[in-house]
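Engineer: Okay, here's the structure, questions in a sec.
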Amino acid sequence: MNNKKLIKKFDKQANTYDRRREKQIQRKWREKLIEEAQGSVLEVAVGAGGNFPFYNREEIEKITAVDFSPEMLEKARVAAHQYHLPIEFVESDIDQLEFEENQFDTIVSTLSFCGYPQPLKTLENLSKWCKPMGQILLLEHGISSNFIFSTLQKVLDPLAVRTIGCHQNRDIMELISLSPIEIQKVEHHWLDVFHLVWAKPKNK
Ligand SMILES: C[S@@+](CC[C@H](N)C(=O)[O-])C[C@H]1O[C@@H](n2cnc3c(N)ncnc32)[C@H](O)[C@@H]1O
């Protein structure tokens, strides 16, 4: 699918993500993960700012927030004011970004690895952009370890990609294991569909 089509799909979902910010099912997971963010933060695929309520403002120097959907970014800009967060927004495809190596103290990604065309390459970039003693915080969803549910996910995958641009069948934990990212702590939820990962760059 070309990027223009994909961006349109996400643009159309911006209102939904905006409404959902305060009442979302992943609230308790986001809280736990995002409160750890500190220093100079990169949030990739920020969407409408679903994580903004959970940043600890005292600990944040600056957040660089990236997304390729202008409609999502518009909602996120309004939310950034609401939560008094120091954010610089960048409208870009994740694969076109060029940050310096070892630039960020914290890198955040939530519910975004279902959408990237080359998720392993993206994980490699996160590791590259993160400082050696920095942290990579992930909340991602993927294929369940439950046979019946994972079968359903595989069947629904083409439809989900077509309608919302989101793969259901990615093995997130396997992708991480193949990447230059070292897991410090991990939690799995809902038949292992959701993963909360506290990690750092490997071998830096
Ligand atoms: C499922 S939403 C999640 C939004 C937000 N991270 C959250 O947790 O609420 C996925 C987001 O990723 C963005 N996205 C998907 N592919 C992207 C890419 N290649 N480059 C930049 N942003 C992308 C979409 O525009 C959308 O805002």
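Letters for chains follow the order of the structure tokens (A, B, ...), residue numbers begin at 1 for each chain, and ligand numbers begin at 1 in the order shown.
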Write down as JSON, numbers by chain the residues belonging to range 91-182 of chain A that are assigned alpha helix (DSSP H) by DSSP computed on the backbone.
Structural biologist: {"A": [119, 120, 121, 122, 123, 124, 125, 126, 127, 128, 129, 147, 148, 149, 150, 151, 152, 153, 154, 155, 156, 157, 158, 159, 160, 161, 162, 163, 164, 172, 173, 174, 175, 176, 177, 178]}
Engineer: I want to know what sits within 8 Å of Asp18 in chain A, based on only C-alpha atoms, with residues of the same chain fewer than 3 positions away left out; could you give that as a ChimeraX atom specification?
Structural biologist: /A:14-15,21,48-50,75-76
Engineer: Using C-alpha atoms, can you export the residues from the last selection as a PDB file, in the first residue's frame?
Structural biologist:
```
ATOM      1  CA  ALA A  14      -7.805  10.990  14.185  1.00  0.00           C
ATOM      2  CA  ASN A  15     -11.146  11.967  15.771  1.00  0.00           C
ATOM      3  CA  ARG A  21      -7.313   9.764  24.991  1.00  0.00           C
ATOM      4  CA  ALA A  48      -3.388  12.093  18.616  1.00  0.00           C
ATOM      5  CA  GLY A  49      -1.236  12.110  21.758  1.00  0.00           C
ATOM      6  CA  GLY A  50      -2.681   9.055  23.508  1.00  0.00           C
ATOM      7  CA  LYS A  75      -5.176  16.683  17.481  1.00  0.00           C
ATOM      8  CA  ALA A  76      -1.863  16.024  19.223  1.00  0.00           C
TER       9      ALA A  76
END
```
Engineer: Please extract the residues at most 8 Å from ligand 1, counting only C-alpha atoms and all ligand atoms, and provide them as an MDAnalysis selection string, using the chain letters and residue numbers of this document.
Structural biologist: chainID A and resid 3 6:7 10:11 14 17 21 43:51 66:69 72:73 91:95 109:117 139 165:166
Engineer: Just write the chosen residues, C-alpha atoms, as an mmCIF file, in the first residue's frame.
Structural biologist:
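Output (selection_17.cif):
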```cif
data_model
loop_
_atom_site.group_PDB
_atom_site.id
_atom_site.type_symbol
_atom_site.label_atom_id
_atom_site.label_comp_id
_atom_site.auth_asym_id
_atom_site.auth_seq_id
_atom_site.Cartn_x
_atom_site.Cartn_y
_atom_site.Cartn_z
ATOM 1 C CA ASN A 3 2.009 5.977 1.827
ATOM 2 C CA LEU A 6 -2.047 4.780 4.414
ATOM 3 C CA ILE A 7 -1.858 8.364 5.678
ATOM 4 C CA PHE A 10 -4.899 7.228 9.717
ATOM 5 C CA ASP A 11 -6.186 10.751 9.059
ATOM 6 C CA ALA A 14 -7.805 10.990 14.185
ATOM 7 C CA TYR A 17 -8.028 8.616 18.804
ATOM 8 C CA ARG A 21 -7.313 9.764 24.991
ATOM 9 C CA GLU A 43 7.867 9.505 20.633
ATOM 10 C CA VAL A 44 7.402 7.789 17.273
ATOM 11 C CA ALA A 45 3.949 7.552 15.649
ATOM 12 C CA VAL A 46 2.532 9.803 18.355
ATOM 13 C CA GLY A 47 -0.987 9.725 16.874
ATOM 14 C CA ALA A 48 -3.388 12.093 18.616
ATOM 15 C CA GLY A 49 -1.236 12.110 21.758
ATOM 16 C CA GLY A 50 -2.681 9.055 23.508
ATOM 17 C CA ASN A 51 0.279 9.036 25.901
ATOM 18 C CA VAL A 66 6.698 12.205 15.033
ATOM 19 C CA ASP A 67 3.808 11.050 12.878
ATOM 20 C CA PHE A 68 3.044 11.064 9.163
ATOM 21 C CA SER A 69 -0.682 11.813 9.581
ATOM 22 C CA MET A 72 -3.404 13.037 14.005
ATOM 23 C CA LEU A 73 -0.765 15.716 14.544
ATOM 24 C CA GLU A 91 5.443 15.415 10.290
ATOM 25 C CA SER A 92 7.352 12.573 8.675
ATOM 26 C CA ASP A 93 7.369 8.943 7.723
ATOM 27 C CA ILE A 94 9.375 7.061 10.329
ATOM 28 C CA ASP A 95 11.599 5.651 7.564
ATOM 29 C CA SER A 109 6.406 3.732 20.809
ATOM 30 C CA THR A 110 2.866 2.612 21.530
ATOM 31 C CA LEU A 111 0.680 0.628 19.127
ATOM 32 C CA SER A 112 2.774 1.543 16.126
ATOM 33 C CA PHE A 113 4.756 -1.530 15.098
ATOM 34 C CA CYS A 114 1.596 -3.040 13.617
ATOM 35 C CA GLY A 115 1.764 -0.410 10.880
ATOM 36 C CA TYR A 116 5.373 0.001 9.778
ATOM 37 C CA PRO A 117 6.403 -1.578 6.467
ATOM 38 C CA LEU A 139 3.501 -1.004 24.223
ATOM 39 C CA GLY A 165 -3.643 0.055 8.212
ATOM 40 C CA CYS A 166 -2.859 -2.226 11.133
#
```
Engineer: Hey, which of A:Asn169, A:Gln96, A:Thr163, A:Ser127 ends up closest to Ile143 in chain A? Count only C-alpha atoms.
Structural biologist: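 Of the candidates, the smallest distance to Ile143 in chain A is held by A:Asn169.
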Engineer: Taking only C-alpha atoms into account, name the residue in A:Pro119, A:Pro158, A:Pro53, A:Pro70 that is nearest to Gln82 in chain A.
Structural biologist: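 When distances to Gln82 in chain A are compared using only C-alpha atoms, the smallest one comes from A:Pro53.
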Engineer: I'd like the interatomic distance between CA of Trp129 in chain A and CA of Gln24 in chain A, to a tenth of an Å.
Structural biologist: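 Answer for the CA of Trp129 in chain A to CA of Gln24 in chain A separation: 29.3 Å.
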Engineer: Given only C-alpha atoms, how would the per-residue table for range 126-152 of chain A near range 188-201 of chain A read, listing every residue at most 7 Å away with its closest atom pair and distance in Å to one decimal, sorted by chain and number, as JSON lines?
Structural biologist:
```
{"residue": "A:Ser127", "atom": "CA", "partner": "A:Pro201", "partner_atom": "CA", "distance": 4.9}
{"residue": "A:Cys130", "atom": "CA", "partner": "A:Pro201", "partner_atom": "CA", "distance": 6.8}
{"residue": "A:Pro132", "atom": "CA", "partner": "A:Pro201", "partner_atom": "CA", "distance": 6.2}
{"residue": "A:Gly134", "atom": "CA", "partner": "A:Lys200", "partner_atom": "CA", "distance": 6.1}
{"residue": "A:Gln135", "atom": "CA", "partner": "A:Lys200", "partner_atom": "CA", "distance": 4.7}
{"residue": "A:Ile136", "atom": "CA", "partner": "A:Ala199", "partner_atom": "CA", "distance": 4.9}
{"residue": "A:Leu137", "atom": "CA", "partner": "A:Trp198", "partner_atom": "CA", "distance": 5.0}
{"residue": "A:Leu138", "atom": "CA", "partner": "A:Val197", "partner_atom": "CA", "distance": 4.9}
{"residue": "A:Leu139", "atom": "CA", "partner": "A:Leu196", "partner_atom": "CA", "distance": 4.6}
{"residue": "A:Glu140", "atom": "CA", "partner": "A:His195", "partner_atom": "CA", "distance": 5.4}
{"residue": "A:His141", "atom": "CA", "partner": "A:Phe194", "partner_atom": "CA", "distance": 4.4}
{"residue": "A:Gly142", "atom": "CA", "partner": "A:Val193", "partner_atom": "CA", "distance": 5.2}
{"residue": "A:Ile143", "atom": "CA", "partner": "A:Val193", "partner_atom": "CA", "distance": 5.8}
{"residue": "A:Ser144", "atom": "CA", "partner": "A:Val193", "partner_atom": "CA", "distance": 4.7}
{"residue": "A:Ser145", "atom": "CA", "partner": "A:Asp192", "partner_atom": "CA", "distance": 5.8}
{"residue": "A:Asn146", "atom": "CA", "partner": "A:Leu191", "partner_atom": "CA", "distance": 6.1}
```
Engineer: So that I have them on file, write out the residues from the current selection with C-alpha atoms, as a CSV table (one decimal), in the first residue's frame.
Structural biologist:
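The result, stored in selection09.csv:
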```
chain,number,residue,atom,x,y,z
A,127,SER,CA,18.4,1.5,19.0
A,130,CYS,CA,18.8,6.0,21.8
A,132,PRO,CA,23.7,3.8,25.4
A,134,GLY,CA,18.9,5.4,27.6
A,135,GLN,CA,15.6,3.5,27.5
A,136,ILE,CA,13.2,2.2,24.9
A,137,LEU,CA,9.6,1.9,26.1
A,138,LEU,CA,7.2,-0.1,24.0
A,139,LEU,CA,3.5,-1.0,24.2
A,140,GLU,CA,2.7,-3.1,21.2
A,141,HIS,CA,0.2,-5.7,20.0
A,142,GLY,CA,0.7,-8.7,17.8
A,143,ILE,CA,-0.1,-12.3,17.3
A,144,SER,CA,-1.5,-14.2,20.3
A,145,SER,CA,0.0,-17.4,21.8
A,146,ASN,CA,-3.5,-18.8,21.9
```
Engineer: For Gly39 in chain A, find every residue with an atom within 10 Å (counting only C-alpha atoms), except residues of its own chain fewer than 2 positions away, and show them as a list of chain:residue names.
Structural biologist: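 Here the answer would be A:Ala37, A:Val41, A:Leu42, A:Arg57, A:Glu58, A:Glu59, A:Ile60, A:Glu61, A:Lys62, A:Ile63, A:Phe104, A:Asp105, A:Thr106, A:Gly134.
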Engineer: Taking the backbone alone, and naming residues the way the document does, which bits of range 51-98 of chain A are strand (DSSP E or B) by DSSP, as a ChimeraX atom specification?
Structural biologist: /A:60-67,87-91
Engineer: When you draw a straight line from CA of Ile164 in chain A to CA of Lys8 in chain A, how long is it in Å?
Structural biologist: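 Atom-to-atom, CA of Ile164 in chain A and CA of Lys8 in chain A are spaced 9.7 Å apart.
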Engineer: Which is closest to His167 in chain A among A:Gln153, A:Thr64, A:Gln38, A:Gln118, if we use only C-alpha atoms?
Structural biologist: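 Going through A:Gln153, A:Thr64, A:Gln38, A:Gln118 one by one, the smallest distance to His167 in chain A is for A:Gln153.
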Engineer: Any chance you could tabulate, as CSV, the residues of range 105-168 of chain A at most 7 Å from range 174-185 of chain A with each one's nearest atom pair and distance in Å to one decimal, using only C-alpha atoms, in chain and rising number order?
Structural biologist:
```
residue,atom,partner,partner_atom,distance
A:Leu120,CA,A:Leu175,CA,6.2
A:Leu123,CA,A:Ser179,CA,6.3
A:Glu124,CA,A:Pro180,CA,6.0
A:Ser127,CA,A:Ile181,CA,6.2
```
Engineer: Could you work out how far CA of Glu22 in chain A lies from CA of Met173 in chain A, giving the answer in Å with one decimal?
Structural biologist: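 Between CA of Met173 in chain A and CA of Glu22 in chain A the gap is 27.9 Å.
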